[in-house]
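What follows is the content of final13.pdb, which has PDB, C-alpha atoms:
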ATOM      1  CA  MET A   1     133.432 -39.762 -44.902
ATOM      2  CA  LYS A   2     131.746 -40.144 -48.271
ATOM      3  CA  LYS A   3     129.842 -36.830 -47.861
ATOM      4  CA  PHE A   4     132.984 -35.094 -46.629
ATOM      5  CA  GLY A   5     134.999 -36.395 -49.615
ATOM      6  CA  ILE A   6     132.454 -35.186 -52.158
ATOM      7  CA  ARG A   7     132.207 -31.791 -50.504
ATOM      8  CA  PHE A   8     136.033 -31.472 -50.351
ATOM      9  CA  ILE A   9     136.498 -32.420 -54.024
ATOM     10  CA  PHE A  10     133.750 -30.018 -55.062
ATOM     11  CA  LYS A  11     135.318 -27.118 -53.166
ATOM     12  CA  CYS A  12     138.730 -27.838 -54.663
ATOM     13  CA  CYS A  13     137.327 -27.948 -58.203
ATOM     14  CA  LEU A  14     135.382 -24.786 -57.638
ATOM     15  CA  PHE A  15     138.380 -22.998 -56.115
ATOM     16  CA  PHE A  16     140.836 -23.867 -58.898
ATOM     17  CA  GLY A  17     138.189 -23.218 -61.552
ATOM     18  CA  LEU A  18     137.587 -19.736 -60.182
ATOM     19  CA  LEU A  19     141.313 -19.088 -59.971
ATOM     20  CA  GLU A  20     141.625 -19.940 -63.646
ATOM     21  CA  ILE A  21     138.742 -17.575 -64.450
ATOM     22  CA  ALA A  22     140.292 -14.835 -62.344
ATOM     23  CA  GLY A  23     143.499 -15.150 -64.311
ATOM     24  CA  CYS A  24     141.831 -13.243 -67.133
ATOM     25  CA  LYS A  25     143.145  -9.716 -67.348
ATOM     26  CA  ASP A  26     139.677  -8.223 -67.523
ATOM     27  CA  PHE A  27     137.416 -10.432 -65.393
ATOM     28  CA  SER A  28     133.789  -9.796 -66.197
ATOM     29  CA  LEU A  29     130.928 -11.848 -67.552
ATOM     30  CA  MET A  30     131.220 -10.087 -70.919
ATOM     31  CA  SER A  31     134.788 -11.404 -71.335
ATOM     32  CA  PHE A  32     133.614 -15.032 -71.502
ATOM     33  CA  LYS A  33     132.954 -16.473 -74.927
ATOM     34  CA  ASN A  34     131.320 -19.627 -73.554
ATOM     35  CA  ARG A  35     128.531 -18.588 -71.202
ATOM     36  CA  ASN A  36     127.377 -22.206 -70.923
ATOM     37  CA  GLU A  37     130.323 -22.925 -68.655
ATOM     38  CA  LEU A  38     129.149 -25.093 -65.731
ATOM     39  CA  LEU A  39     129.975 -23.490 -62.382
ATOM     40  CA  ALA A  40     128.444 -25.990 -59.966
ATOM     41  CA  SER A  41     125.924 -28.796 -59.708
ATOM     42  CA  VAL A  42     123.998 -30.467 -56.914
ATOM     43  CA  GLY A  43     122.328 -33.644 -58.053
ATOM     44  CA  LYS A  44     120.377 -32.753 -61.186
ATOM     45  CA  GLN A  45     120.488 -29.032 -60.414
ATOM     46  CA  GLU A  46     123.129 -27.138 -62.407
ATOM     47  CA  LEU A  47     124.368 -23.551 -62.257
ATOM     48  CA  TYR A  48     125.861 -22.069 -65.416
ATOM     49  CA  LEU A  49     127.834 -18.917 -66.012
ATOM     50  CA  ASP A  50     124.942 -17.404 -67.936
ATOM     51  CA  ASP A  51     122.728 -17.825 -64.848
ATOM     52  CA  VAL A  52     124.845 -15.409 -62.823
ATOM     53  CA  LYS A  53     125.301 -12.598 -65.337
ATOM     54  CA  GLY A  54     123.228 -10.243 -63.226
ATOM     55  CA  ILE A  55     125.672 -10.226 -60.307
ATOM     56  CA  PHE A  56     128.477  -8.432 -62.151
ATOM     57  CA  ARG A  57     128.820  -4.691 -62.564
ATOM     58  CA  GLU A  58     130.727  -3.010 -65.332
ATOM     59  CA  GLY A  59     134.192  -1.893 -64.311
ATOM     60  CA  MET A  60     134.604  -4.376 -61.439
ATOM     61  CA  THR A  61     138.130  -5.544 -60.669
ATOM     62  CA  SER A  62     138.993  -9.207 -61.144
ATOM     63  CA  GLU A  63     139.389  -9.603 -57.364
ATOM     64  CA  ASP A  64     135.948  -8.161 -56.614
ATOM     65  CA  SER A  65     134.332 -10.167 -59.399
ATOM     66  CA  LEU A  66     135.912 -13.366 -58.150
ATOM     67  CA  ALA A  67     134.809 -12.705 -54.568
ATOM     68  CA  ILE A  68     131.210 -11.997 -55.612
ATOM     69  CA  LEU A  69     131.076 -15.031 -57.909
ATOM     70  CA  GLN A  70     132.542 -17.354 -55.300
ATOM     71  CA  ALA A  71     130.110 -16.114 -52.633
ATOM     72  CA  TYR A  72     127.171 -16.509 -55.015
ATOM     73  CA  VAL A  73     128.129 -20.039 -56.031
ATOM     74  CA  ASN A  74     128.737 -21.089 -52.431
ATOM     75  CA  GLN A  75     125.301 -19.801 -51.411
ATOM     76  CA  TRP A  76     123.664 -21.472 -54.403
ATOM     77  CA  VAL A  77     125.248 -24.794 -53.472
ATOM     78  CA  LYS A  78     124.165 -24.512 -49.826
ATOM     79  CA  THR A  79     120.617 -23.607 -50.814
ATOM     80  CA  SER A  80     120.410 -26.391 -53.397
ATOM     81  CA  ILE A  81     121.694 -28.971 -50.914
ATOM     82  CA  LYS A  82     119.161 -27.825 -48.337
ATOM     83  CA  ILE A  83     116.337 -28.050 -50.879
ATOM     84  CA  ALA A  84     117.451 -31.557 -51.842
ATOM     85  CA  GLU A  85     117.533 -32.600 -48.181
ATOM     86  CA  ALA A  86     114.087 -31.104 -47.601
ATOM     87  CA  GLU A  87     112.641 -32.886 -50.632
ATOM     88  CA  ASN A  88     114.092 -36.151 -49.374
ATOM     89  CA  TYR A  89     112.700 -35.542 -45.878
ATOM     90  CA  PHE A  90     109.209 -34.817 -47.200
ATOM     91  CA  GLU A  91     109.335 -37.469 -49.903
ATOM     92  CA  GLU A  92     106.183 -39.206 -48.609
ATOM     93  CA  GLU A  93     104.338 -35.860 -48.565
ATOM     94  CA  GLN A  94     105.195 -34.823 -52.112
ATOM     95  CA  ASP A  95     101.589 -35.047 -53.279
ATOM     96  CA  ASP A  96     100.460 -32.643 -50.541
ATOM     97  CA  ILE A  97     103.306 -30.267 -51.315
ATOM     98  CA  GLU A  98     102.514 -30.350 -55.032
ATOM     99  CA  ARG A  99      98.882 -29.517 -54.250
ATOM    100  CA  LEU A 100     100.015 -26.569 -52.124
ATOM    101  CA  ILE A 101     102.333 -25.373 -54.891
ATOM    102  CA  LYS A 102      99.538 -25.654 -57.443
ATOM    103  CA  ALA A 103      97.102 -23.816 -55.155
ATOM    104  CA  TYR A 104      99.657 -21.060 -54.559
ATOM    105  CA  ARG A 105     100.418 -20.758 -58.264
ATOM    106  CA  ASN A 106      96.723 -20.564 -59.127
ATOM    107  CA  SER A 107      96.159 -17.959 -56.427
ATOM    108  CA  LEU A 108      99.136 -15.887 -57.596
ATOM    109  CA  ILE A 109      98.271 -15.957 -61.279
ATOM    110  CA  THR A 110      94.584 -15.113 -60.714
ATOM    111  CA  TYR A 111      95.603 -12.299 -58.347
ATOM    112  CA  LYS A 112      97.910 -10.849 -61.009
ATOM    113  CA  TYR A 113      95.171 -11.253 -63.622
ATOM    114  CA  ASP A 114      92.656  -9.475 -61.377
ATOM    115  CA  GLN A 115      95.123  -6.601 -61.001
ATOM    116  CA  VAL A 116      95.337  -6.247 -64.777
ATOM    117  CA  LEU A 117      91.553  -6.498 -65.164
ATOM    118  CA  THR A 118      90.865  -3.796 -62.581
ATOM    119  CA  SER A 119      93.641  -1.418 -63.590
ATOM    120  CA  GLY A 120      91.100   0.701 -65.445
ATOM    121  CA  VAL A 121      88.432   0.778 -62.739
ATOM    122  CA  ASP A 122      87.367   4.312 -61.791
ATOM    123  CA  THR A 123      89.023   5.339 -58.516
ATOM    124  CA  LEU A 124      87.368   8.741 -58.266
ATOM    125  CA  VAL A 125      85.058   8.863 -55.229
ATOM    126  CA  THR A 126      83.055  11.985 -54.422
ATOM    127  CA  MET A 127      82.270  13.256 -50.941
ATOM    128  CA  ALA A 128      78.585  12.648 -51.664
ATOM    129  CA  GLN A 129      79.325   8.963 -52.323
ATOM    130  CA  ILE A 130      81.392   8.747 -49.150
ATOM    131  CA  THR A 131      78.596  10.338 -47.099
ATOM    132  CA  ALA A 132      76.009   7.998 -48.614
ATOM    133  CA  TYR A 133      78.153   4.951 -47.816
ATOM    134  CA  TYR A 134      78.686   6.242 -44.265
ATOM    135  CA  ASN A 135      74.966   6.712 -43.651
ATOM    136  CA  GLU A 136      74.123   3.282 -45.078
ATOM    137  CA  ASN A 137      76.735   1.540 -42.919
ATOM    138  CA  LYS A 138      76.765   3.829 -39.893
ATOM    139  CA  GLU A 139      76.535   1.030 -37.338
ATOM    140  CA  GLN A 140      79.923  -0.227 -38.512
ATOM    141  CA  PHE A 141      81.530   3.042 -37.476
ATOM    142  CA  ARG A 142      81.553   3.070 -33.685
ATOM    143  CA  LEU A 143      84.365   4.500 -31.564
ATOM    144  CA  VAL A 144      86.513   2.061 -29.595
ATOM    145  CA  GLY A 145      87.790   4.955 -27.464
ATOM    146  CA  PRO A 146      86.938   8.630 -26.867
ATOM    147  CA  ILE A 147      88.103  11.291 -29.305
ATOM    148  CA  VAL A 148      88.628  15.021 -28.769
ATOM    149  CA  LYS A 149      89.671  18.327 -30.230
ATOM    150  CA  ALA A 150      91.872  20.001 -27.635
ATOM    151  CA  ARG A 151      94.963  22.011 -26.719
ATOM    152  CA  VAL A 152      97.702  21.160 -24.242
ATOM    153  CA  LEU A 153     100.068  23.765 -22.824
ATOM    154  CA  ALA A 154     103.180  23.197 -20.727
ATOM    155  CA  TYR A 155     104.549  26.334 -19.045
ATOM    156  CA  ASN A 156     106.865  27.391 -16.237
ATOM    157  CA  GLU A 157     105.750  27.320 -12.611
ATOM    158  CA  GLY A 158     105.113  30.840 -11.244
ATOM    159  CA  TYR A 159     104.147  32.492 -14.520
ATOM    160  CA  ARG A 160     102.489  35.743 -13.423
ATOM    161  CA  GLN A 161      99.926  35.971 -16.215
ATOM    162  CA  GLU A 162      98.582  32.478 -15.579
ATOM    163  CA  LYS A 163      94.941  33.625 -15.531
ATOM    164  CA  GLN A 164      95.290  35.278 -18.928
ATOM    165  CA  LEU A 165      97.072  32.204 -20.229
ATOM    166  CA  LYS A 166      94.152  30.022 -19.158
ATOM    167  CA  GLU A 167      91.616  32.302 -20.850
ATOM    168  CA  LEU A 168      93.570  32.381 -24.082
ATOM    169  CA  LEU A 169      94.027  28.609 -24.100
ATOM    170  CA  ARG A 170      90.282  28.013 -23.747
ATOM    171  CA  SER A 171      89.253  30.677 -26.264
ATOM    172  CA  THR A 172      88.043  29.789 -29.754
ATOM    173  CA  LYS A 173      88.661  33.296 -31.112
ATOM    174  CA  GLU A 174      91.317  33.612 -33.777
ATOM    175  CA  GLU A 175      92.827  36.782 -32.292
ATOM    176  CA  ASP A 176      93.154  35.101 -28.869
ATOM    177  CA  TYR A 177      94.941  32.172 -30.454
ATOM    178  CA  PHE A 178      97.460  34.526 -32.058
ATOM    179  CA  ASP A 179      98.048  36.168 -28.649
ATOM    180  CA  LEU A 180      98.553  32.733 -27.107
ATOM    181  CA  GLN A 181     101.084  31.784 -29.747
ATOM    182  CA  ASP A 182     102.938  35.050 -29.168
ATOM    183  CA  ILE A 183     103.246  34.355 -25.418
ATOM    184  CA  VAL A 184     104.307  30.758 -26.057
ATOM    185  CA  LYS A 185     107.029  31.852 -28.448
ATOM    186  CA  LYS A 186     108.387  34.645 -26.238
ATOM    187  CA  SER A 187     108.350  32.536 -23.062
ATOM    188  CA  SER A 188     109.563  29.277 -24.650
ATOM    189  CA  PHE A 189     106.441  27.416 -23.516
ATOM    190  CA  LYS A 190     105.245  24.249 -25.266
ATOM    191  CA  LEU A 191     101.869  24.311 -26.986
ATOM    192  CA  ASN A 192     100.455  21.157 -28.598
ATOM    193  CA  GLU A 193      97.523  21.803 -30.887
ATOM    194  CA  PHE A 194      94.891  19.109 -31.459
ATOM    195  CA  THR A 195      92.104  21.153 -33.030
ATOM    196  CA  ASP A 196      92.776  20.655 -36.744
ATOM    197  CA  LYS A 197      91.037  17.254 -36.710
ATOM    198  CA  TRP A 198      89.772  14.582 -34.302
ATOM    199  CA  TYR A 199      92.329  12.822 -32.095
ATOM    200  CA  TYR A 200      91.989   9.831 -29.818
ATOM    201  CA  PHE A 201      92.080  11.108 -26.257
ATOM    202  CA  LYS A 202      94.765   8.598 -25.284
ATOM    203  CA  ASP A 203      97.107  10.165 -27.860
ATOM    204  CA  VAL A 204      96.525  13.689 -26.522
ATOM    205  CA  LEU A 205      97.296  12.506 -22.985
ATOM    206  CA  GLN A 206     100.870  11.669 -23.983
ATOM    207  CA  TYR A 207     101.611  15.395 -23.618
ATOM    208  CA  ILE A 208     100.267  15.926 -20.092
ATOM    209  CA  PRO A 209     100.432  13.994 -16.797
ATOM    210  CA  PHE A 210      97.112  12.216 -16.326
ATOM    211  CA  THR A 211      95.998   9.489 -13.924
ATOM    212  CA  ASP A 212      92.230   9.148 -14.366
ATOM    213  CA  LYS A 213      91.631   5.813 -16.097
ATOM    214  CA  ASN A 214      87.969   6.435 -16.898
ATOM    215  CA  PHE A 215      88.389   8.660 -19.951
ATOM    216  CA  ASP A 216      84.706   8.721 -20.900
ATOM    217  CA  ASN A 217      83.570   9.777 -17.439
ATOM    218  CA  PHE A 218      86.264  12.462 -17.253
ATOM    219  CA  LEU A 219      85.235  13.981 -20.570
ATOM    220  CA  LYS A 220      81.580  14.117 -19.531
ATOM    221  CA  LYS A 221      82.480  16.195 -16.473
ATOM    222  CA  ASN A 222      85.443  18.286 -17.615
ATOM    223  CA  SER A 223      86.284  20.693 -20.414
ATOM    224  CA  PHE A 224      89.455  21.941 -18.725
ATOM    225  CA  TYR A 225      92.228  20.227 -16.792
ATOM    226  CA  GLU A 226      95.402  21.441 -15.107
ATOM    227  CA  ILE A 227      98.162  19.719 -13.171
ATOM    228  CA  SER A 228     101.763  20.271 -12.016
ATOM    229  CA  ASP A 229     104.831  18.098 -11.806
ATOM    230  CA  ASN A 230     108.343  18.816 -10.541
ATOM    231  CA  ASP A 231     109.281  20.994 -13.500
ATOM    232  CA  ASN A 232     106.197  22.422 -15.190
ATOM    233  CA  LYS A 233     102.543  23.247 -14.993
ATOM    234  CA  TYR A 234     100.120  21.931 -17.587
ATOM    235  CA  MET A 235      96.750  23.015 -18.912
ATOM    236  CA  MET A 236      94.434  21.117 -21.251
ATOM    237  CA  ALA A 237      91.402  22.728 -22.894
ATOM    238  CA  ILE A 238      88.872  20.321 -24.438
ATOM    239  CA  PHE A 239      86.593  21.914 -27.029
ATOM    240  CA  VAL A 240      84.543  18.938 -28.263
ATOM    241  CA  TYR A 241      84.540  15.223 -27.624
ATOM    242  CA  ARG A 242      82.829  11.966 -28.489
ATOM    243  CA  ASN A 243      82.809   9.050 -26.112
ATOM    244  CA  THR A 244      83.390   5.350 -26.644
ATOM    245  CA  GLY A 245      80.543   3.787 -28.599
ATOM    246  CA  ASP A 246      79.510   7.023 -30.305
ATOM    247  CA  TYR A 247      79.564   7.238 -34.094
ATOM    248  CA  ILE A 248      82.965   7.909 -35.623
ATOM    249  CA  PRO A 249      82.910  11.279 -37.430
ATOM    250  CA  VAL A 250      82.781  10.766 -41.174
ATOM    251  CA  GLU A 251      85.990  12.759 -41.666
ATOM    252  CA  MET A 252      87.905  10.177 -39.616
ATOM    253  CA  VAL A 253      86.886   7.318 -41.897
ATOM    254  CA  THR A 254      86.876   9.077 -45.265
ATOM    255  CA  HIS A 255      89.977   7.227 -46.470
ATOM    256  CA  THR A 256      88.626   3.876 -45.232
ATOM    257  CA  ILE A 257      85.295   4.428 -46.989
ATOM    258  CA  ARG A 258      86.950   5.593 -50.213
ATOM    259  CA  THR A 259      89.058   2.397 -50.230
ATOM    260  CA  ALA A 260      85.978   0.267 -49.540
ATOM    261  CA  ILE A 261      84.039   1.865 -52.417
ATOM    262  CA  VAL A 262      86.885   1.385 -54.901
ATOM    263  CA  ASN A 263      87.427  -2.209 -53.744
ATOM    264  CA  LYS A 264      83.708  -2.898 -54.214
ATOM    265  CA  ARG A 265      83.935  -1.562 -57.756
ATOM    266  CA  ARG A 266      86.893  -3.832 -58.433
ATOM    267  CA  THR A 267      85.144  -6.850 -56.940
ATOM    268  CA  ASP A 268      81.997  -6.212 -58.963
ATOM    269  CA  TYR A 269      83.994  -5.798 -62.163
ATOM    270  CA  ILE A 270      85.963  -9.012 -61.529
ATOM    271  CA  LYS A 271      82.701 -10.906 -60.981
ATOM    272  CA  GLN A 272      81.319  -9.430 -64.186
ATOM    273  CA  VAL A 273      84.361 -10.628 -66.135
ATOM    274  CA  GLU A 274      84.243 -14.069 -64.472
ATOM    275  CA  ASP A 275      80.574 -14.473 -65.429
ATOM    276  CA  SER A 276      81.346 -13.371 -68.981
ATOM    277  CA  ILE A 277      84.231 -15.861 -69.285
ATOM    278  CA  TYR A 278      82.039 -18.631 -67.886
ATOM    279  CA  MET A 279      79.168 -17.969 -70.279
ATOM    280  CA  GLN A 280      81.529 -17.792 -73.257
ATOM    281  CA  ALA A 281      83.139 -21.090 -72.242
ATOM    282  CA  LEU A 282      79.680 -22.698 -72.028
ATOM    283  CA  GLU A 283      78.816 -21.483 -75.517
ATOM    284  CA  ASP A 284      82.136 -22.763 -76.877
ATOM    285  CA  GLY A 285      81.635 -26.169 -75.266
ATOM    286  CA  ARG A 286      84.820 -25.903 -73.240
ATOM    287  CA  ILE A 287      83.001 -26.756 -70.008
ATOM    288  CA  LYS A 288      81.707 -30.206 -69.178
ATOM    289  CA  VAL A 289      80.091 -30.707 -65.780
ATOM    290  CA  GLN A 290      79.165 -34.314 -65.020
ATOM    291  CA  ILE A 291      78.255 -34.087 -61.363
ATOM    292  CA  ASP A 292      74.634 -35.077 -62.047
ATOM    293  CA  THR A 293      75.791 -38.236 -63.819
ATOM    294  CA  VAL A 294      78.076 -39.121 -60.891
ATOM    295  CA  LEU A 295      75.335 -38.492 -58.328
ATOM    296  CA  ASN A 296      72.789 -40.570 -60.223
ATOM    297  CA  LYS A 297      75.273 -43.395 -60.564
ATOM    298  CA  THR A 298      75.981 -43.241 -56.818
ATOM    299  CA  LYS A 299      72.246 -43.400 -56.042
ATOM    300  CA  GLU A 300      71.828 -46.437 -58.292
ATOM    301  CA  GLU A 301      74.725 -48.234 -56.622
ATOM    302  CA  ASN A 302      73.293 -47.585 -53.176
TER     303      ASN A 302
END

What is this structure when it is put down as structure tokens?
Amino acid sequence: MKKFGIRFIFKCCLFFGLLEIAGCKDFSLMSFKNRNELLASVGKQELYLDDVKGIFREGMTSEDSLAILQAYVNQWVKTSIKIAEAENYFEEEQDDIERLIKAYRNSLITYKYDQVLTSGVDTLVTMAQITAYYNENKEQFRLVGPIVKARVLAYNEGYRQEKQLKELLRSTKEEDYFDLQDIVKKSSFKLNEFTDKWYYFKDVLQYIPFTDKNFDNFLKKNSFYEISDNDNKYMMAIFVYRNTGDYIPVEMVTHTIRTAIVNKRRTDYIKQVEDSIYMQALEDGRIKVQIDTVLNKTKEEN
């Protein structure tokens, strides 16, 4: 009953207080002379009018302003009460929580400081540097699945020039590719091109019915595949492939390597700054390390 009574009185005070505020002809934060007006409190936590100035927009009606303010205050009260309850619940663990807060704060502030320190680090990485990194760390770049460069064509059953279509699909000549595109466009066929870069074979197979689960073995034995379903016929021409466990082509990991090189530069620069700060602090006498004294004292006591 006590909690209910306090909550009821608070809501009444808040409601009538907001009604009085809303009575102003032009309700906005800028219309208040006293921005230190107390809106709500929970224990020692207090919310003042000046704390909520960011929630108002110029030109808002008094009704909209009141609704936004009331919603904000209600949420603030609920959150503050929950925080108070949580602090009470974990009262015996306050020391652990404070250590976590301190660790998080230290981590956050050093992270932000590192960002500032490394903002000027050179991010330009040449292809020669990428290739050198790739060759030095080649064993890290192994395929977890086969990759291909291929084409997949879906066309209508009974197409009379099927043999020509197959030849054009498998051809690497530029003029044949233009002829293939012309047929595809005129006949409303569907051509999916996977020759501009390397693709994982599993991604290519989304465009053609396929049941063989041993991708690596299939690719070793086949450079062409065709199949039919109820509506269409499909052809797949495979031009080049690399199987699981082979080296990943450098062009597939260029972005990854570039990021790794830049990150290494940042890490090295941060370490350089840390060492410089440490040495300067030693010279200034700001560092006192007494671990040897403690260890010797412990040995003597034992």

(request) Pull the neighbourhood of (128.8, -20.3, -53.8) for me: all residues within 12 Å in file coordinates, counting all atoms listed in the file, as a list in words. (result) Phe10, Lys11, Leu14, Phe15, Leu18, Leu39, Ala40, Ser41, Val42, Leu47, Val52, Leu66, Ala67, Ile68, Leu69, Gln70, Ala71, Tyr72, Val73, Asn74, Gln75, Trp76, Val77, Lys78, Thr79, Ser80 and Ile81 of chain A

Compile the contact shell of segment 175-190 of chain A as a PDB file with C-alpha atoms, in the coordinates of the input: residues with an atom at most 9 Å away, counting only C-alpha atoms, same-chain residues fewer than 3 positions apart removed.
ATOM      1  CA  VAL A 152      97.702  21.160 -24.242  1.00  0.00           C
ATOM      2  CA  LEU A 153     100.068  23.765 -22.824  1.00  0.00           C
ATOM      3  CA  ALA A 154     103.180  23.197 -20.727  1.00  0.00           C
ATOM      4  CA  TYR A 155     104.549  26.334 -19.045  1.00  0.00           C
ATOM      5  CA  ASN A 156     106.865  27.391 -16.237  1.00  0.00           C
ATOM      6  CA  LEU A 165      97.072  32.204 -20.229  1.00  0.00           C
ATOM      7  CA  GLU A 167      91.616  32.302 -20.850  1.00  0.00           C
ATOM      8  CA  LEU A 168      93.570  32.381 -24.082  1.00  0.00           C
ATOM      9  CA  LEU A 169      94.027  28.609 -24.100  1.00  0.00           C
ATOM     10  CA  SER A 171      89.253  30.677 -26.264  1.00  0.00           C
ATOM     11  CA  THR A 172      88.043  29.789 -29.754  1.00  0.00           C
TER      12      THR A 172
END

(message) So that I can check the surroundings of Phe201 of chain A, please list as a list in words every protein, DNA and RNA residue that reaches within 12 Å of it, counting only C-alpha atoms and ignoring chain neighbours fewer than 4 positions away.
(response) Leu143, Val144, Gly145, Pro146, Ile147, Val148, Lys149, Ala150, Arg151, Val152, Phe194, Leu205, Gln206, Tyr207, Ile208, Phe210, Lys213, Asn214, Phe215, Asp216, Phe218, Leu219, Met236, Ile238, Val240, Tyr241, Arg242, Asn243 and Thr244 of chain A

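The residue that comes closest to Lys138 of chain A, out of A:Thr298, A:Ala281, A:Val253, A:Tyr247 and on the basis of all atoms listed in the file, is A:Tyr247.
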
(request) Grab the atom CA of Pro249 of chain A to atom CA of Arg170 of chain A distance for me, in Å with one decimal place. (result)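 Between atom CA of Pro249 of chain A and atom CA of Arg170 of chain A the gap is 22.8 Å.
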
(message) Report, in Å to a single decimal, how far apart atom CA of Gln290 of chain A and atom CA of Ile270 of chain A are.
(response)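 Computing it gives 26.4 Å between the two atoms.
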
(request) Please evaluate the PyMOL selection byres ((chain A and resi 114) around 12) against the structure above and give the resulting residues as a PyMOL selection string. (result) chain A and resi 107-113+115-121+263+266-274

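Rounded to one decimal, atom CA of Glu98 of chain A and atom CA of Val289 of chain A lie 24.9 Å from each other.
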
Using all atoms listed in the file, give me every residue within 7 Å of (126.1, -18.3, -67.9) in file coordinates, as a PDB file with C-alpha atoms, in the coordinates of the input.
ATOM      1  CA  ARG A  35     128.531 -18.588 -71.202  1.00  0.00           C
ATOM      2  CA  ASN A  36     127.377 -22.206 -70.923  1.00  0.00           C
ATOM      3  CA  GLU A  37     130.323 -22.925 -68.655  1.00  0.00           C
ATOM      4  CA  TYR A  48     125.861 -22.069 -65.416  1.00  0.00           C
ATOM      5  CA  LEU A  49     127.834 -18.917 -66.012  1.00  0.00           C
ATOM      6  CA  ASP A  50     124.942 -17.404 -67.936  1.00  0.00           C
ATOM      7  CA  ASP A  51     122.728 -17.825 -64.848  1.00  0.00           C
ATOM      8  CA  VAL A  52     124.845 -15.409 -62.823  1.00  0.00           C
ATOM      9  CA  LYS A  53     125.301 -12.598 -65.337  1.00  0.00           C
TER      10      LYS A  53
END

(request) For the file shown, report as a PyMOL selection string the outcome of the PyMOL selection byres ((chain A and resi 130) around 12) at residue level. (result) chain A and resi 124-129+131-138+250-262

Kindly compute an axis-aligned box around the listed atoms of segment 134-147 of chain A, allowing 4 Å on each side, and express its centre and edge lengths in Å to one decimal as AutoDock Vina command-line options.
--center_x 81.1 --center_y 5.5 --center_z -36.0 --size_x 22.0 --size_y 19.5 --size_z 26.2

(request) Just the residues within 7 Å of Glu226 of chain A, please, counting all atoms listed in the file, with nothing from its chain fewer than 2 positions along; format it as a list of chain:residue names. (result) A:Phe224, A:Tyr234, A:Met235, A:Met236

Store the residues picked out above in a file with C-alpha atoms, as a compact mmCIF listing (two decimals), keeping the file's coordinate frame.
# COMPACT_ATOMS: atom_id res chain seq x y z
CA PHE A 224 89.46 21.94 -18.73
CA TYR A 234 100.12 21.93 -17.59
CA MET A 235 96.75 23.02 -18.91
CA MET A 236 94.43 21.12 -21.25

(message) Between A:Asp292, A:Tyr199, A:Ile227, A:Lys297, which residue has the minimum interatomic distance to Thr211 of chain A, considering only C-alpha atoms?
(response)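 Smallest distance to Thr211 of chain A is found for A:Ile227.
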